[in-house]
$ cat final.cif   # mmCIF, C-alpha atoms and all ligand atoms
data_coords
loop_
_atom_site.label_atom_id
_atom_site.label_comp_id
_atom_site.auth_asym_id
_atom_site.auth_seq_id
_atom_site.Cartn_x
_atom_site.Cartn_y
_atom_site.Cartn_z
CA MET A 1 120.10 87.60 125.38
CA ASN A 2 118.55 90.86 126.59
CA GLY A 3 115.39 91.36 124.51
CA VAL A 4 115.31 95.15 124.83
CA ASP A 5 118.95 95.47 123.70
CA PHE A 6 118.26 93.09 120.80
CA ARG A 7 115.24 95.15 119.68
CA ASN A 8 117.26 98.38 119.98
CA ALA A 9 120.05 96.88 117.88
CA LEU A 10 117.56 95.75 115.20
CA GLY A 11 115.95 99.20 115.26
CA ARG A 12 119.21 100.82 114.15
CA PHE A 13 118.49 99.38 110.70
CA ALA A 14 116.39 101.91 108.76
CA THR A 15 113.58 100.45 106.69
CA GLY A 16 110.66 101.57 104.61
CA VAL A 17 107.10 100.82 105.70
CA CYS A 18 104.65 98.69 103.67
CA LEU A 19 101.05 97.66 103.79
CA ILE A 20 100.74 93.96 102.99
CA SER A 21 97.29 93.20 101.62
CA VAL A 22 95.30 90.11 100.82
CA ALA A 23 91.78 89.30 99.60
CA ASP A 24 90.46 86.42 101.68
CA ALA A 25 87.25 84.58 100.76
CA ARG A 26 85.99 84.57 104.36
CA SER A 27 87.51 87.73 105.87
CA GLY A 28 87.42 90.01 102.82
CA ALA A 29 90.26 92.37 101.87
CA LEU A 30 92.81 92.93 104.66
CA ALA A 31 95.93 95.04 105.11
CA LEU A 32 98.66 94.92 107.74
CA THR A 33 101.59 97.30 108.35
CA ALA A 34 105.01 95.67 107.98
CA ASN A 35 108.63 96.78 107.79
CA SER A 36 110.10 93.27 107.32
CA PHE A 37 109.79 93.56 103.54
CA SER A 38 112.98 92.78 101.63
CA SER A 39 114.06 92.04 98.10
CA VAL A 40 115.31 88.48 97.54
CA SER A 41 115.90 87.61 93.87
CA LEU A 42 115.81 89.35 90.49
CA GLU A 43 115.45 86.18 88.36
CA PRO A 44 112.91 84.99 89.25
CA PRO A 45 111.66 88.20 90.90
CA LEU A 46 111.17 87.33 94.58
CA VAL A 47 110.51 89.39 97.70
CA LEU A 48 109.78 88.47 101.32
CA TRP A 49 108.20 89.71 104.49
CA SER A 50 107.57 88.02 107.84
CA ILE A 51 104.40 87.71 109.90
CA GLN A 52 104.12 87.19 113.65
CA ASN A 53 102.72 83.73 114.43
CA GLY A 54 100.25 85.37 116.83
CA SER A 55 98.77 87.79 114.28
CA GLU A 56 95.00 87.76 114.08
CA CYS A 57 95.49 87.67 110.28
CA PHE A 58 97.96 84.75 110.32
CA ARG A 59 95.64 82.30 108.51
CA GLU A 60 94.70 84.78 105.79
CA TYR A 61 98.33 85.59 104.91
CA THR A 62 99.74 82.07 105.18
CA GLU A 63 96.95 80.33 103.25
CA CYS A 64 96.65 82.89 100.45
CA THR A 65 97.72 82.27 96.86
CA SER A 66 98.42 85.95 96.11
CA PHE A 67 99.05 89.14 98.08
CA GLY A 68 100.03 92.76 97.57
CA ILE A 69 102.78 94.98 98.94
CA SER A 70 102.35 98.77 98.89
CA VAL A 71 105.37 100.86 99.93
CA LEU A 72 104.14 103.91 101.87
CA CYS A 73 104.91 107.50 100.87
CA ALA A 74 106.46 109.95 103.35
CA ASP A 75 103.06 111.54 104.12
CA GLN A 76 101.21 108.22 104.74
CA GLN A 77 102.05 107.74 108.44
CA GLU A 78 98.32 107.67 109.26
CA LEU A 79 97.87 104.60 107.03
CA SER A 80 100.79 102.88 108.76
CA ASN A 81 99.34 103.55 112.23
CA HIS A 82 95.82 102.56 111.16
CA TYR A 83 96.68 99.16 109.66
CA ALA A 84 99.02 98.36 112.58
CA GLY A 85 96.06 98.48 114.95
CA LYS A 86 94.48 95.32 116.38
CA ALA A 87 91.16 94.65 114.59
CA ASN A 88 92.01 97.41 112.08
CA HIS A 89 92.89 95.19 109.14
CA ALA A 90 89.75 95.38 107.02
CA VAL A 91 90.70 97.64 104.11
CA ARG A 92 89.03 101.04 103.84
CA GLU A 93 87.63 101.23 100.32
CA ASP A 94 88.95 104.79 99.86
CA ASP A 95 92.54 103.58 100.36
CA PHE A 96 92.66 100.50 98.12
CA GLU A 97 91.70 99.24 94.69
CA MET A 98 91.73 95.68 93.32
CA ASN A 99 94.08 94.90 90.45
CA SER A 100 93.21 92.48 87.62
CA ALA A 101 94.58 89.55 89.67
CA GLY A 102 92.16 90.32 92.51
CA VAL A 103 94.91 91.69 94.77
CA PRO A 104 94.14 94.84 96.80
CA LEU A 105 96.81 97.54 96.37
CA LEU A 106 96.98 101.08 97.75
CA LYS A 107 95.68 103.59 95.22
CA ARG A 108 98.69 105.81 95.96
CA ALA A 109 102.06 104.33 96.99
CA ALA A 110 105.80 104.90 96.51
CA ALA A 111 105.82 101.47 94.85
CA SER A 112 103.58 98.43 94.79
CA PHE A 113 104.02 94.75 94.02
CA SER A 114 101.42 92.14 93.16
CA CYS A 115 102.73 88.72 94.20
CA THR A 116 101.87 85.05 94.16
CA LEU A 117 102.88 82.94 97.14
CA TRP A 118 106.22 81.26 96.36
CA ALA A 119 107.21 79.75 99.73
CA LEU A 120 106.40 79.82 103.41
CA HIS A 121 109.09 79.16 106.04
CA GLU A 122 108.71 78.76 109.78
CA ALA A 123 111.20 81.00 111.57
CA GLY A 124 110.88 81.17 115.35
CA ASP A 125 107.95 83.37 116.39
CA HIS A 126 107.41 84.50 112.77
CA HIS A 127 106.79 82.86 109.40
CA ILE A 128 108.70 84.14 106.37
CA ILE A 129 106.44 84.66 103.37
CA VAL A 130 108.21 84.68 100.00
CA GLY A 131 106.32 86.09 97.03
CA GLN A 132 106.96 86.01 93.30
CA VAL A 133 106.32 89.46 91.86
CA VAL A 134 104.00 89.28 88.86
CA GLU A 135 103.39 93.01 88.47
CA HIS A 136 104.87 96.17 89.98
CA ARG A 137 104.31 99.92 89.87
CA VAL A 138 106.65 102.70 90.92
CA SER A 139 106.24 106.43 91.59
CA ASN A 140 108.71 109.24 92.25
CA GLU A 141 107.24 110.04 95.66
CA ALA A 142 109.54 110.02 98.70
CA PRO A 143 109.05 106.91 100.88
CA LEU A 144 108.20 106.79 104.60
CA VAL A 145 111.15 105.60 106.73
CA PHE A 146 111.08 103.71 110.06
CA GLN A 147 114.14 103.68 112.32
CA GLY A 148 114.73 103.46 116.06
CA GLY A 149 111.03 102.80 116.67
CA ALA A 150 109.97 106.08 115.01
CA TYR A 151 108.95 107.40 111.62
CA ARG A 152 111.62 109.43 109.81
CA GLN A 153 111.79 111.42 106.63
CA LEU A 154 114.59 111.03 104.10
CA ALA A 155 116.78 114.08 103.64
CA LEU A 156 116.88 113.79 99.85
CA ALA A 157 119.88 115.29 98.12
CA ALA A 158 119.29 116.73 94.65
CA ASP A 159 119.81 114.18 91.87
C1 LIG A 201 106.31 100.15 111.50
C2 LIG A 201 105.70 98.81 111.81
C3 LIG A 201 106.22 97.67 111.24
C4 LIG A 201 105.64 96.40 111.48
N1 LIG A 201 106.16 95.31 110.86
C5 LIG A 201 105.56 94.10 111.04
C6 LIG A 201 106.02 92.96 110.32
O1 LIG A 201 106.94 93.03 109.53
N2 LIG A 201 105.38 91.78 110.54
C7 LIG A 201 104.32 91.66 111.41
O2 LIG A 201 103.79 90.57 111.57
N3 LIG A 201 103.87 92.74 112.11
C8 LIG A 201 104.45 93.95 111.92
N4 LIG A 201 103.98 95.04 112.57
C9 LIG A 201 102.84 94.87 113.50
C10 LIG A 201 101.53 94.79 112.72
O3 LIG A 201 101.36 95.89 111.86
C11 LIG A 201 100.34 94.82 113.70
O4 LIG A 201 100.52 95.86 114.62
C12 LIG A 201 100.21 93.57 114.45
O5 LIG A 201 100.14 92.51 113.54
C13 LIG A 201 98.93 93.66 115.30
O6 LIG A 201 98.51 92.42 115.68
P1 LIG A 201 97.41 91.64 114.83
O7 LIG A 201 98.05 91.22 113.55
O8 LIG A 201 97.07 90.49 115.70
O9 LIG A 201 96.27 92.60 114.60
C14 LIG A 201 104.54 96.31 112.35
C15 LIG A 201 104.01 97.47 112.94
C16 LIG A 201 104.57 98.71 112.66
C17 LIG A 201 103.96 99.94 113.28
#

$ encode --input "final.cif" --output "structure tokens" --more "lines below"
Ligand SMILES: Cc1cc2nc3c(=O)[nH]c(=O)nc-3n(C[C@H](O)[C@H](O)[C@H](O)COP(=O)(O)O)c2cc1C
Amino acid sequence: MNGVDFRNALGRFATGVCLISVADARSGALALTANSFSSVSLEPPLVLWSIQNGSECFREYTECTSFGISVLCADQQELSNHYAGKANHAVREDDFEMNSAGVPLLKRAAASFSCTLWALHEAGDHHIIVGQVVEHRVSNEAPLVFQGGAYRQLALAAD
């Protein structure tokens, strides 16, 4: 299979952009940009995302007991670029706050989910991380969109 064609085909699928965050005893609070987030189950409430096996944060995310997912707002492209950078995963204190479960979540987000680790599955060059949502928050802010390798804005029709 041609890898470039495969990536281009996958990129046709528009997604939101999230920061996945974790508080690790050794490394401290970390965040990583991800667009592999997806809903899985309503009862119990489950979501997933996938992490590259080669990520410098692989241990922290696969050995955690809880983690956070913050869905970025349309004007938070800078946060997405920052936490996608190599060695840029330590959370900036201005961006995040800890919830009562000790999970770092973005102070401002289109939505956020506090999760406990439900399952971990090997899947090729990634691992799929399934989380059980124990708490969520939602705002009315427009989300950031990623499609075709670029950030996009939703053209929101009036309700
Ligand atoms: C829009 C976007 C979506 C991304 N989605 C994922 C993802 O779902 N899983 C993942 O492991 N990395 C994803 N990345 C890459 C990571 O954010 C980060 O760049 C990569 O993990 C850097 O390597 P490191 O983890 O070794 O620092 C994404 C990057 C961008 C810009």

$ residues_near_point --input "final.cif" --point "(94.3, 89.5, 95.0)" --cutoff "12 Å" --atoms "all atoms listed in the file" --output "NGL selection string"
:A and (20-25 or 28-31 or 60-61 or 64-69 or 96-105 or 113-117 or 134-135)

$ closest_atom_pairs --input "final.cif" --of "chain A" --to "ligand LIG 201 (chain A)" --cutoff "8 Å" --atoms "all atoms listed in the file" --output "tab-separated table"
residue	atom	partner	partner_atom	distance
A:Val17	CA	A:LIG201	C1	5.9
A:Cys18	CA	A:LIG201	C3	7.8
A:Leu32	CA	A:LIG201	O3	5.0
A:Thr33	CA	A:LIG201	O3	3.8
A:Ala34	CA	A:LIG201	N1	3.1
A:Asn35	CA	A:LIG201	N1	4.2
A:Ser36	CA	A:LIG201	O1	3.9
A:Phe37	CA	A:LIG201	O1	6.7
A:Trp49	CA	A:LIG201	O1	6.2
A:Ser50	CA	A:LIG201	N2	5.1
A:Ile51	CA	A:LIG201	O2	3.4
A:Gln52	CA	A:LIG201	O2	4.0
A:Asn53	CA	A:LIG201	O2	7.5
A:Gly54	CA	A:LIG201	O8	6.1
A:Ser55	CA	A:LIG201	O8	3.5
A:Glu56	CA	A:LIG201	O8	3.8
A:Cys57	CA	A:LIG201	O7	5.5
A:Phe58	CA	A:LIG201	O7	7.2
A:Ser80	CA	A:LIG201	C17	6.3
A:Asn81	CA	A:LIG201	C17	6.0
A:Tyr83	CA	A:LIG201	O3	6.1
A:Ala84	CA	A:LIG201	O3	3.5
A:Gly85	CA	A:LIG201	O4	5.2
A:Lys86	CA	A:LIG201	O9	3.7
A:Ala87	CA	A:LIG201	O9	5.5
A:Asn88	CA	A:LIG201	O9	6.9
A:His89	CA	A:LIG201	O9	6.9
A:His126	CA	A:LIG201	O2	7.2
A:Phe146	CA	A:LIG201	C1	6.1
A:Gly149	CA	A:LIG201	C1	7.5
A:Ala150	CA	A:LIG201	C1	7.8
A:Tyr151	CA	A:LIG201	C1	7.7

$ atom_distance --input "final.cif" --atom1 "atom CA of Met1 of chain A" --atom2 "atom CA of Ser38 of chain A"
25.3 Å

$ closest_residue --input "final.cif" --among "A:Lys107, A:Val40, A:Leu144, A:Arg137" --to "Asp94 of chain A" --atoms "all atoms listed in the file"
A:Lys107

$ residues_near_point --input "final.cif" --point "(103.9, 107.4, 90.9)" --cutoff "10 Å" --atoms "all atoms listed in the file" --output "list in words"
Arg108, Ala109, Ala110, Ala111, Ser112, Arg137, Val138, Ser139, Asn140, Glu141 and Ala142 of chain A

$ write_last_selection --input "final.cif" --atoms "C-alpha atoms" --output "short mmCIF file (atom, residue, chain, number, x, y, z; two decimals), in the frame of the given file"
data_model
loop_
_atom_site.label_atom_id
_atom_site.label_comp_id
_atom_site.auth_asym_id
_atom_site.auth_seq_id
_atom_site.Cartn_x
_atom_site.Cartn_y
_atom_site.Cartn_z
CA ARG A 108 98.69 105.81 95.96
CA ALA A 109 102.06 104.33 96.99
CA ALA A 110 105.80 104.90 96.51
CA ALA A 111 105.82 101.47 94.85
CA SER A 112 103.58 98.43 94.79
CA ARG A 137 104.31 99.92 89.87
CA VAL A 138 106.65 102.70 90.92
CA SER A 139 106.24 106.43 91.59
CA ASN A 140 108.71 109.24 92.25
CA GLU A 141 107.24 110.04 95.66
CA ALA A 142 109.54 110.02 98.70
#

$ closest_residue --input "final.cif" --among "A:Val4, A:Leu120, A:Pro143, A:Ala155" --to "Ala74 of chain A" --atoms "only C-alpha atoms"
A:Pro143

$ atom_distance --input "final.cif" --atom1 "atom CA of Pro45 of chain A" --atom2 "atom CA of His121 of chain A"
17.8 Å

$ closest_residue --input "final.cif" --among "A:Val145, A:Leu106, A:Val47, A:Leu154" --to "Gly16 of chain A" --atoms "only C-alpha atoms"
A:Val145

$ atom_distance --input "final.cif" --atom1 "atom CA of Leu42 of chain A" --atom2 "atom CA of Gly124 of chain A"
26.6 Å

$ residues_around --input "final.cif" --residues "Asn8 of chain A" --least-positions-apart "5" --cutoff "10 Å" --atoms "all atoms listed in the file" --output "VMD selection string"
chain A and resid 3 13 147 to 149

$ closest_residue --input "final.cif" --among "A:Val71, A:Val130, A:Arg59, A:Gln153" --to "Ser27 of chain A" --atoms "only C-alpha atoms"
A:Arg59

$ closest_residue --input "final.cif" --among "A:Val133, A:Ala14, A:Ala9, A:Leu79" --to "Arg92 of chain A" --atoms "only C-alpha atoms"
A:Leu79
